[in-house]
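Asks: Take a look at work_37.cif, mmCIF, C-alpha atoms, pLDDT in the B column; chains and numbers go by the auth columns:
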```cif
data_entry
#
loop_
_atom_site.group_PDB
_atom_site.id
_atom_site.type_symbol
_atom_site.label_atom_id
_atom_site.label_comp_id
_atom_site.label_asym_id
_atom_site.label_seq_id
_atom_site.Cartn_x
_atom_site.Cartn_y
_atom_site.Cartn_z
_atom_site.B_iso_or_equiv
_atom_site.auth_seq_id
_atom_site.auth_asym_id
ATOM 1 C CA MET A 1 -27.112 154.187 240.308 77.00 1 A
ATOM 2 C CA THR A 2 -30.555 155.274 241.480 78.00 2 A
ATOM 3 C CA THR A 3 -29.260 158.806 242.044 81.00 3 A
ATOM 4 C CA ILE A 4 -27.591 158.910 238.613 82.00 4 A
ATOM 5 C CA ILE A 5 -30.826 157.778 236.941 81.00 5 A
ATOM 6 C CA GLU A 6 -32.860 160.426 238.765 83.00 6 A
ATOM 7 C CA VAL A 7 -30.366 163.177 237.876 85.00 7 A
ATOM 8 C CA PHE A 8 -30.426 162.116 234.220 84.00 8 A
ATOM 9 C CA SER A 9 -34.240 162.090 234.342 84.00 9 A
ATOM 10 C CA TYR A 10 -34.264 165.639 235.716 85.00 10 A
ATOM 11 C CA TYR A 11 -32.013 166.979 232.960 83.00 11 A
ATOM 12 C CA PHE A 12 -33.832 165.053 230.239 82.00 12 A
ATOM 13 C CA ILE A 13 -37.282 166.334 231.217 82.00 13 A
ATOM 14 C CA ASN A 14 -36.067 169.918 231.644 79.00 14 A
ATOM 15 C CA ALA A 15 -34.298 169.860 228.283 74.00 15 A
ATOM 16 C CA MET A 16 -37.576 168.755 226.717 76.00 16 A
ATOM 17 C CA VAL A 17 -39.704 171.520 228.220 75.00 17 A
ATOM 18 C CA THR A 18 -37.359 174.504 228.517 71.00 18 A
ATOM 19 C CA ILE A 19 -37.674 176.948 225.619 64.00 19 A
ATOM 20 C CA SER A 20 -36.182 180.393 226.167 61.00 20 A
ATOM 21 C CA ALA A 21 -33.028 179.770 228.212 65.00 21 A
ATOM 22 C CA VAL A 22 -31.860 176.762 226.215 67.00 22 A
ATOM 23 C CA ILE A 23 -31.498 178.897 223.063 64.00 23 A
ATOM 24 C CA PHE A 24 -28.502 180.628 224.633 65.00 24 A
ATOM 25 C CA LEU A 25 -26.893 177.318 225.647 67.00 25 A
ATOM 26 C CA ALA A 26 -27.363 175.287 222.476 66.00 26 A
ATOM 27 C CA GLY A 27 -24.932 175.334 219.579 69.00 27 A
ATOM 28 C CA ALA A 28 -25.630 174.990 215.872 70.00 28 A
ATOM 29 C CA ARG A 29 -25.234 171.196 216.042 71.00 29 A
ATOM 30 C CA THR A 30 -26.901 170.673 219.414 69.00 30 A
ATOM 31 C CA MET A 31 -30.284 172.341 219.054 68.00 31 A
ATOM 32 C CA VAL A 32 -33.258 170.848 220.870 71.00 32 A
ATOM 33 C CA ILE A 33 -36.750 170.388 219.448 74.00 33 A
ATOM 34 C CA THR A 34 -38.314 172.903 221.844 73.00 34 A
ATOM 35 C CA THR A 35 -36.620 175.761 219.959 73.00 35 A
ATOM 36 C CA LYS A 36 -38.872 174.851 217.034 76.00 36 A
ATOM 37 C CA ILE A 37 -41.846 175.950 219.131 78.00 37 A
ATOM 38 C CA LYS A 38 -40.410 179.474 219.277 72.00 38 A
ATOM 39 C CA GLN A 39 -39.994 179.531 215.504 71.00 39 A
ATOM 40 C CA LEU A 40 -43.531 178.266 214.911 78.00 40 A
ATOM 41 C CA GLN A 41 -44.808 180.854 217.372 76.00 41 A
ATOM 42 C CA TYR A 42 -43.111 183.523 215.287 71.00 42 A
ATOM 43 C CA TYR A 43 -45.028 182.266 212.230 71.00 43 A
ATOM 44 C CA ASN A 44 -48.319 182.045 214.205 76.00 44 A
ATOM 45 C CA LYS A 45 -48.569 178.326 213.297 81.00 45 A
ATOM 46 C CA TYR A 46 -50.507 177.290 216.387 86.00 46 A
ATOM 47 C CA ASN A 47 -51.824 173.992 214.992 90.00 47 A
ATOM 48 C CA GLU A 48 -48.249 172.804 214.489 88.00 48 A
ATOM 49 C CA ILE A 49 -47.314 174.059 217.977 87.00 49 A
ATOM 50 C CA PHE A 50 -50.218 172.069 219.442 90.00 50 A
ATOM 51 C CA VAL A 51 -49.176 168.830 217.714 90.00 51 A
ATOM 52 C CA LEU A 52 -45.497 169.291 218.596 88.00 52 A
ATOM 53 C CA SER A 53 -46.393 170.004 222.228 88.00 53 A
ATOM 54 C CA LEU A 54 -48.428 166.789 222.398 90.00 54 A
ATOM 55 C CA LEU A 55 -45.500 164.804 220.985 88.00 55 A
ATOM 56 C CA LEU A 56 -43.182 166.348 223.580 86.00 56 A
ATOM 57 C CA LEU A 57 -45.671 165.497 226.331 88.00 57 A
ATOM 58 C CA LEU A 58 -45.974 161.870 225.202 90.00 58 A
ATOM 59 C CA THR A 59 -42.179 161.546 224.909 87.00 59 A
ATOM 60 C CA ASN A 60 -41.776 162.898 228.435 86.00 60 A
ATOM 61 C CA LEU A 61 -44.399 160.527 229.834 89.00 61 A
ATOM 62 C CA VAL A 62 -42.766 157.494 228.182 89.00 62 A
ATOM 63 C CA PHE A 63 -39.262 158.343 229.375 86.00 63 A
ATOM 64 C CA LYS A 64 -40.499 159.390 232.800 86.00 64 A
ATOM 65 C CA GLY A 65 -42.007 155.908 233.116 87.00 65 A
ATOM 66 C CA ILE A 66 -38.741 154.295 232.000 86.00 66 A
ATOM 67 C CA PHE A 67 -36.696 156.348 234.451 83.00 67 A
ATOM 68 C CA TYR A 68 -39.122 155.545 237.259 82.00 68 A
ATOM 69 C CA CYS A 69 -38.956 151.802 236.602 83.00 69 A
ATOM 70 C CA LEU A 70 -35.163 151.907 236.395 79.00 70 A
ATOM 71 C CA ALA A 71 -34.890 153.787 239.681 76.00 71 A
ATOM 72 C CA GLN A 72 -37.452 151.570 241.427 75.00 72 A
ATOM 73 C CA SER A 73 -35.940 148.303 240.259 70.00 73 A
ATOM 74 C CA ASP A 74 -32.484 149.456 241.350 63.00 74 A
ATOM 75 C CA SER A 75 -33.594 150.639 244.781 61.00 75 A
ATOM 76 C CA GLN A 76 -35.714 147.611 245.690 60.00 76 A
ATOM 77 C CA LYS A 77 -34.086 145.114 248.011 51.00 77 A
ATOM 78 C CA GLU A 78 -33.326 141.732 246.611 47.00 78 A
ATOM 79 C CA GLU A 79 -35.766 139.089 247.686 46.00 79 A
ATOM 80 C CA THR A 80 -34.422 135.626 248.217 47.00 80 A
ATOM 81 C CA ALA A 81 -37.359 133.752 249.676 47.00 81 A
ATOM 82 C CA GLY A 82 -39.403 131.480 247.468 51.00 82 A
ATOM 83 C CA GLU A 83 -39.811 130.850 243.753 53.00 83 A
ATOM 84 C CA LYS A 84 -42.229 133.773 243.358 57.00 84 A
ATOM 85 C CA ALA A 85 -39.669 136.279 244.650 59.00 85 A
ATOM 86 C CA ALA A 86 -36.988 134.833 242.356 61.00 86 A
ATOM 87 C CA GLY A 87 -39.304 135.144 239.336 62.00 87 A
ATOM 88 C CA LYS A 88 -40.125 138.713 240.209 63.00 88 A
ATOM 89 C CA MET A 89 -36.437 139.597 240.479 66.00 89 A
ATOM 90 C CA LYS A 90 -35.758 137.992 237.101 65.00 90 A
ATOM 91 C CA LYS A 91 -38.502 140.055 235.452 64.00 91 A
ATOM 92 C CA GLN A 92 -37.156 143.219 237.053 66.00 92 A
ATOM 93 C CA LYS A 93 -33.663 142.474 235.722 69.00 93 A
ATOM 94 C CA ILE A 94 -34.998 141.854 232.212 68.00 94 A
ATOM 95 C CA TRP A 95 -37.035 145.092 232.294 68.00 95 A
ATOM 96 C CA LYS A 96 -34.079 147.021 233.695 68.00 96 A
ATOM 97 C CA ARG A 97 -31.694 145.724 231.032 71.00 97 A
ATOM 98 C CA GLY A 98 -34.196 146.379 228.251 67.00 98 A
ATOM 99 C CA SER A 99 -34.799 149.932 229.424 66.00 99 A
ATOM 100 C CA ALA A 100 -31.055 150.561 229.724 68.00 100 A
ATOM 101 C CA VAL A 101 -30.515 149.285 226.169 68.00 101 A
ATOM 102 C CA LEU A 102 -33.325 151.535 224.865 70.00 102 A
ATOM 103 C CA LEU A 103 -31.848 154.543 226.666 69.00 103 A
ATOM 104 C CA ALA A 104 -28.334 153.805 225.399 69.00 104 A
ATOM 105 C CA ALA A 105 -29.629 153.329 221.833 68.00 105 A
ATOM 106 C CA THR A 106 -31.422 156.713 221.992 71.00 106 A
ATOM 107 C CA ILE A 107 -28.271 158.488 223.189 69.00 107 A
ATOM 108 C CA LEU A 108 -26.168 156.706 220.540 67.00 108 A
ATOM 109 C CA PHE A 109 -28.615 157.654 217.782 65.00 109 A
ATOM 110 C CA VAL A 110 -28.534 161.328 218.825 63.00 110 A
ATOM 111 C CA GLY A 111 -24.729 161.260 218.938 62.00 111 A
ATOM 112 C CA ILE A 112 -24.405 159.677 215.488 60.00 112 A
ATOM 113 C CA SER A 113 -26.966 162.086 213.996 59.00 113 A
ATOM 114 C CA THR A 114 -25.122 165.071 215.453 55.00 114 A
ATOM 115 C CA ALA A 115 -21.755 163.861 214.138 56.00 115 A
ATOM 116 C CA ALA A 116 -23.168 163.029 210.703 55.00 116 A
ATOM 117 C CA GLU A 117 -24.625 166.495 210.249 51.00 117 A
ATOM 118 C CA GLY A 118 -21.219 168.123 210.182 48.00 118 A
ATOM 119 C CA GLY A 119 -19.481 165.243 208.438 52.00 119 A
ATOM 120 C CA GLY A 120 -16.243 166.159 210.235 57.00 120 A
ATOM 121 C CA ARG A 121 -15.960 169.395 208.239 67.00 121 A
ATOM 122 C CA GLU A 122 -15.869 172.972 209.382 82.00 122 A
ATOM 123 C CA LEU A 123 -19.218 174.429 208.357 86.00 123 A
ATOM 124 C CA VAL A 124 -20.200 178.089 208.356 87.00 124 A
ATOM 125 C CA VAL A 125 -23.028 178.774 210.810 85.00 125 A
ATOM 126 C CA ILE A 126 -25.618 181.245 209.510 87.00 126 A
ATOM 127 C CA TYR A 127 -28.156 182.750 211.911 85.00 127 A
ATOM 128 C CA SER A 128 -31.325 184.302 210.540 82.00 128 A
ATOM 129 C CA ASN A 129 -34.640 185.520 211.852 77.00 129 A
ATOM 130 C CA ALA A 130 -37.368 182.876 211.650 72.00 130 A
ATOM 131 C CA ASP A 131 -38.874 184.160 208.423 74.00 131 A
ATOM 132 C CA ASP A 132 -39.899 181.678 205.711 76.00 132 A
ATOM 133 C CA GLU A 133 -39.099 184.120 202.920 78.00 133 A
ATOM 134 C CA ALA A 134 -35.657 184.980 204.290 78.00 134 A
ATOM 135 C CA ILE A 135 -34.705 181.350 204.972 83.00 135 A
ATOM 136 C CA THR A 136 -35.783 180.272 201.482 87.00 136 A
ATOM 137 C CA ALA A 137 -33.898 183.149 199.829 86.00 137 A
ATOM 138 C CA ILE A 138 -30.677 182.427 201.750 88.00 138 A
ATOM 139 C CA LYS A 139 -30.767 178.673 201.090 91.00 139 A
ATOM 140 C CA GLU A 140 -31.602 178.922 197.389 93.00 140 A
ATOM 141 C CA THR A 141 -28.954 181.583 196.759 91.00 141 A
ATOM 142 C CA LEU A 142 -26.193 179.695 198.575 92.00 142 A
ATOM 143 C CA ASP A 143 -27.029 176.344 196.978 94.00 143 A
ATOM 144 C CA LYS A 144 -27.252 177.883 193.506 95.00 144 A
ATOM 145 C CA ASN A 145 -23.789 179.397 193.918 95.00 145 A
ATOM 146 C CA GLY A 146 -22.134 176.120 194.889 93.00 146 A
ATOM 147 C CA PHE A 147 -22.239 176.308 198.705 93.00 147 A
ATOM 148 C CA ALA A 148 -24.625 173.390 199.275 91.00 148 A
ATOM 149 C CA GLY A 149 -23.449 171.313 202.241 88.00 149 A
ATOM 150 C CA GLU A 150 -20.988 174.001 203.348 91.00 150 A
ATOM 151 C CA TYR A 151 -23.190 175.708 205.937 90.00 151 A
ATOM 152 C CA ILE A 152 -25.656 175.231 208.781 87.00 152 A
ATOM 153 C CA LEU A 153 -28.691 177.505 208.613 85.00 153 A
ATOM 154 C CA GLN A 154 -30.247 178.230 211.994 82.00 154 A
ATOM 155 C CA SER A 155 -33.253 180.477 212.552 79.00 155 A
ATOM 156 C CA PHE A 156 -34.650 182.203 215.643 76.00 156 A
ATOM 157 C CA GLY A 157 -37.271 184.748 216.586 73.00 157 A
ATOM 158 C CA ILE A 158 -35.710 188.209 216.293 73.00 158 A
ATOM 159 C CA SER A 159 -35.485 188.835 220.040 71.00 159 A
ATOM 160 C CA GLU A 160 -33.757 185.473 220.655 74.00 160 A
ATOM 161 C CA LEU A 161 -31.506 186.037 217.651 78.00 161 A
ATOM 162 C CA GLY A 162 -30.452 189.477 218.901 76.00 162 A
ATOM 163 C CA GLY A 163 -29.827 188.177 222.407 78.00 163 A
ATOM 164 C CA LYS A 164 -27.788 185.221 221.108 78.00 164 A
ATOM 165 C CA LEU A 165 -25.606 187.457 218.927 79.00 165 A
ATOM 166 C CA LEU A 166 -24.983 189.821 221.833 80.00 166 A
ATOM 167 C CA ALA A 167 -24.121 186.907 224.121 80.00 167 A
ATOM 168 C CA GLU A 168 -21.733 185.245 221.671 80.00 168 A
ATOM 169 C CA GLY A 169 -20.039 188.491 220.715 77.00 169 A
ATOM 170 C CA LYS A 170 -18.186 187.373 217.589 74.00 170 A
ATOM 171 C CA ALA A 171 -20.121 187.445 214.322 70.00 171 A
ATOM 172 C CA TYR A 172 -20.255 189.024 210.896 73.00 172 A
ATOM 173 C CA TYR A 173 -23.508 190.949 210.453 72.00 173 A
ATOM 174 C CA ALA A 174 -25.138 191.536 207.074 71.00 174 A
ATOM 175 C CA PRO A 175 -28.748 192.595 206.357 69.00 175 A
ATOM 176 C CA ILE A 176 -30.613 190.750 203.601 69.00 176 A
ATOM 177 C CA THR A 177 -32.537 193.801 202.377 66.00 177 A
ATOM 178 C CA LYS A 178 -32.352 197.538 203.006 65.00 178 A
ATOM 179 C CA GLN A 179 -35.214 197.636 205.461 65.00 179 A
ATOM 180 C CA GLU A 180 -33.372 195.718 208.200 64.00 180 A
ATOM 181 C CA GLY A 181 -32.366 198.213 210.885 66.00 181 A
ATOM 182 C CA ALA A 182 -33.743 201.124 208.861 75.00 182 A
ATOM 183 C CA LEU A 183 -35.251 204.313 210.272 81.00 183 A
ATOM 184 C CA VAL A 184 -38.222 205.469 208.216 87.00 184 A
ATOM 185 C CA ILE A 185 -38.285 209.267 208.479 90.00 185 A
ATOM 186 C CA ASN A 186 -41.244 211.603 207.958 93.00 186 A
ATOM 187 C CA THR A 187 -39.422 214.544 206.371 93.00 187 A
ATOM 188 C CA LYS A 188 -42.531 216.750 206.445 94.00 188 A
ATOM 189 C CA VAL A 189 -42.866 216.481 210.237 92.00 189 A
ATOM 190 C CA LEU A 190 -39.137 217.113 210.707 93.00 190 A
ATOM 191 C CA ARG A 191 -39.324 220.290 208.584 94.00 191 A
ATOM 192 C CA GLU A 192 -42.375 221.547 210.479 93.00 192 A
ATOM 193 C CA LEU A 193 -40.651 221.063 213.842 93.00 193 A
ATOM 194 C CA GLY A 194 -37.218 222.172 212.677 93.00 194 A
ATOM 195 C CA LEU A 195 -35.553 218.942 213.764 93.00 195 A
ATOM 196 C CA PRO A 196 -32.520 217.232 212.183 92.00 196 A
ATOM 197 C CA ALA A 197 -32.984 213.789 210.711 92.00 197 A
ATOM 198 C CA PRO A 198 -31.920 211.065 213.200 91.00 198 A
ATOM 199 C CA GLN A 199 -28.983 208.956 212.016 87.00 199 A
ATOM 200 C CA SER A 200 -29.317 206.061 214.471 84.00 200 A
ATOM 201 C CA LEU A 201 -31.532 204.536 217.159 82.00 201 A
ATOM 202 C CA ALA A 202 -29.368 206.285 219.742 86.00 202 A
ATOM 203 C CA ASP A 203 -30.371 209.661 218.250 90.00 203 A
ATOM 204 C CA LEU A 204 -34.021 208.864 218.978 88.00 204 A
ATOM 205 C CA THR A 205 -33.307 208.911 222.723 89.00 205 A
ATOM 206 C CA ASP A 206 -32.880 212.696 222.486 92.00 206 A
ATOM 207 C CA SER A 207 -35.755 214.523 224.204 92.00 207 A
ATOM 208 C CA ASP A 208 -36.397 216.493 220.973 91.00 208 A
ATOM 209 C CA TYR A 209 -37.960 213.362 219.496 92.00 209 A
ATOM 210 C CA LYS A 210 -40.249 212.666 222.447 91.00 210 A
ATOM 211 C CA ASN A 211 -43.723 211.462 221.342 91.00 211 A
ATOM 212 C CA LEU A 212 -42.566 211.430 217.714 92.00 212 A
ATOM 213 C CA VAL A 213 -41.364 207.817 217.493 89.00 213 A
ATOM 214 C CA SER A 214 -43.669 205.050 216.242 87.00 214 A
ATOM 215 C CA VAL A 215 -42.950 201.325 216.522 84.00 215 A
ATOM 216 C CA THR A 216 -44.967 198.167 216.108 81.00 216 A
ATOM 217 C CA ASN A 217 -46.837 196.842 219.144 82.00 217 A
ATOM 218 C CA ILE A 218 -44.163 195.631 221.570 78.00 218 A
ATOM 219 C CA SER A 219 -46.480 192.959 223.013 77.00 219 A
ATOM 220 C CA SER A 220 -46.820 191.196 219.651 71.00 220 A
ATOM 221 C CA SER A 221 -43.546 192.022 217.866 72.00 221 A
ATOM 222 C CA SER A 222 -40.167 190.630 218.876 67.00 222 A
ATOM 223 C CA THR A 223 -38.602 193.155 216.469 70.00 223 A
ATOM 224 C CA ALA A 224 -39.992 196.059 218.491 76.00 224 A
ATOM 225 C CA TRP A 225 -38.972 194.322 221.746 73.00 225 A
ATOM 226 C CA LEU A 226 -35.380 193.987 220.536 70.00 226 A
ATOM 227 C CA MET A 227 -35.232 197.583 219.336 72.00 227 A
ATOM 228 C CA ILE A 228 -36.514 198.954 222.657 74.00 228 A
#
```
How does this structure look as structure tokens?

Replies:
Amino acid sequence: MTTIIEVFSYYFINAMVTISAVIFLAGARTMVITTKIKQLQYYNKYNEIFVLSLLLLLTNLVFKGIFYCLAQSDSQKEETAGEKAAGKMKKQKIWKRGSAVLLAATILFVGISTAAEGGGRELVVIYSNADDEAITAIKETLDKNGFAGEYILQSFGISELGGKLLAEGKAYYAPITKQEGALVINTKVLRELGLPAPQSLADLTDSDYKNLVSVTNISSSSTAWLMI
């Protein structure tokens, strides 16, 4: 039992602090709160990130304490000598049972919440980049046209979104506006250099376009990171 508690503690704490890798493991109904940090980072909402990080830290500390007490109380040898030892054992049992009930209630609540979200129906999962304007436009349009409650809307930073789509393989892709995936061409420069207009990102790998391609700063734009 001590080993099982420690293993559960390890997975619980790691699930609470892991951000990048967990995005590729989580499904639409099993997202973890740490993915919200990535979305907030995309919006540059650092005050919200700070508060959320503190809540995650406090949650980890509380549950780490519970797991520690459970493991300690289970591993301690039973004392049989004297009334004091018997009282101590009784308190340990009460604490252990209370902690186990709290842990079970937490797991049950998460399970019920997850099941209730889908309501037993097949819902369409919609991925989008973590853009307030895009999310609002998608939700309002779908709800207005009678699709409220028929979908799950899930947003990511563009680099995570691209990686998740590539990893999952099966999806229907549709841009919201014309600028998504667009190449903006300077026709004047192309005429001066006698170059054909590129038709895709793959065309830009041709040496003829060397030093002629401009992108946003790759260190601050997940869109540029994904394109590269």

Asks: Find the spatial neighbours of A:Gln154, counting all atoms listed in the file, within a cut-off of 7 Å - ignore same-chain residues fewer than 3 positions away - and output them as an NGL selection string.

Replies: :A and (28 or 126-128)

Asks: Could you tell me which residues the PyMOL selection byres ((chain A and resi 211-221) around 10) returns for this structure, as a list in words?

Replies: Tyr42, Gly157, Ile158, Ser159, Val184, Ile185, Asn186, Val189, Leu190, Leu204, Thr205, Ser207, Asp208, Tyr209, Lys210, Ser222, Thr223, Ala224, Trp225, Leu226, Met227 and Ile228 of chain A

Asks: Identify all residues satisfying the PyMOL selection byres ((chain A and resi 3-20) around 9) in the given file; provide them as a PyMOL selection string.

Replies: chain A and resi 1-2+21-24+32-38+56-57+59-60+63-64+67-68+70-71+160

Asks: Where's the centre, and what are the edge lengths in Å to one decimal, of a box along x, y and z enclosing all listed atoms of stretch 144-148 of chain A padded 5 Å per side, as lines of an AutoDock Vina configuration file?

Replies:
```
center_x = -24.7
center_y = 176.4
center_z = 196.4
size_x = 15.1
size_y = 16.0
size_z = 15.8
```

Asks: Could you name the residues that touch A:Gln39 at 9 Å or less, counting all atoms listed in the file, but leaving out those on the same chain fewer than 4 positions away, as a list in words?

Replies: Thr35, Tyr43, Asn44, Lys45, Asn129, Ala130, Asp131, Ser155, Phe156 and Gly157 of chain A
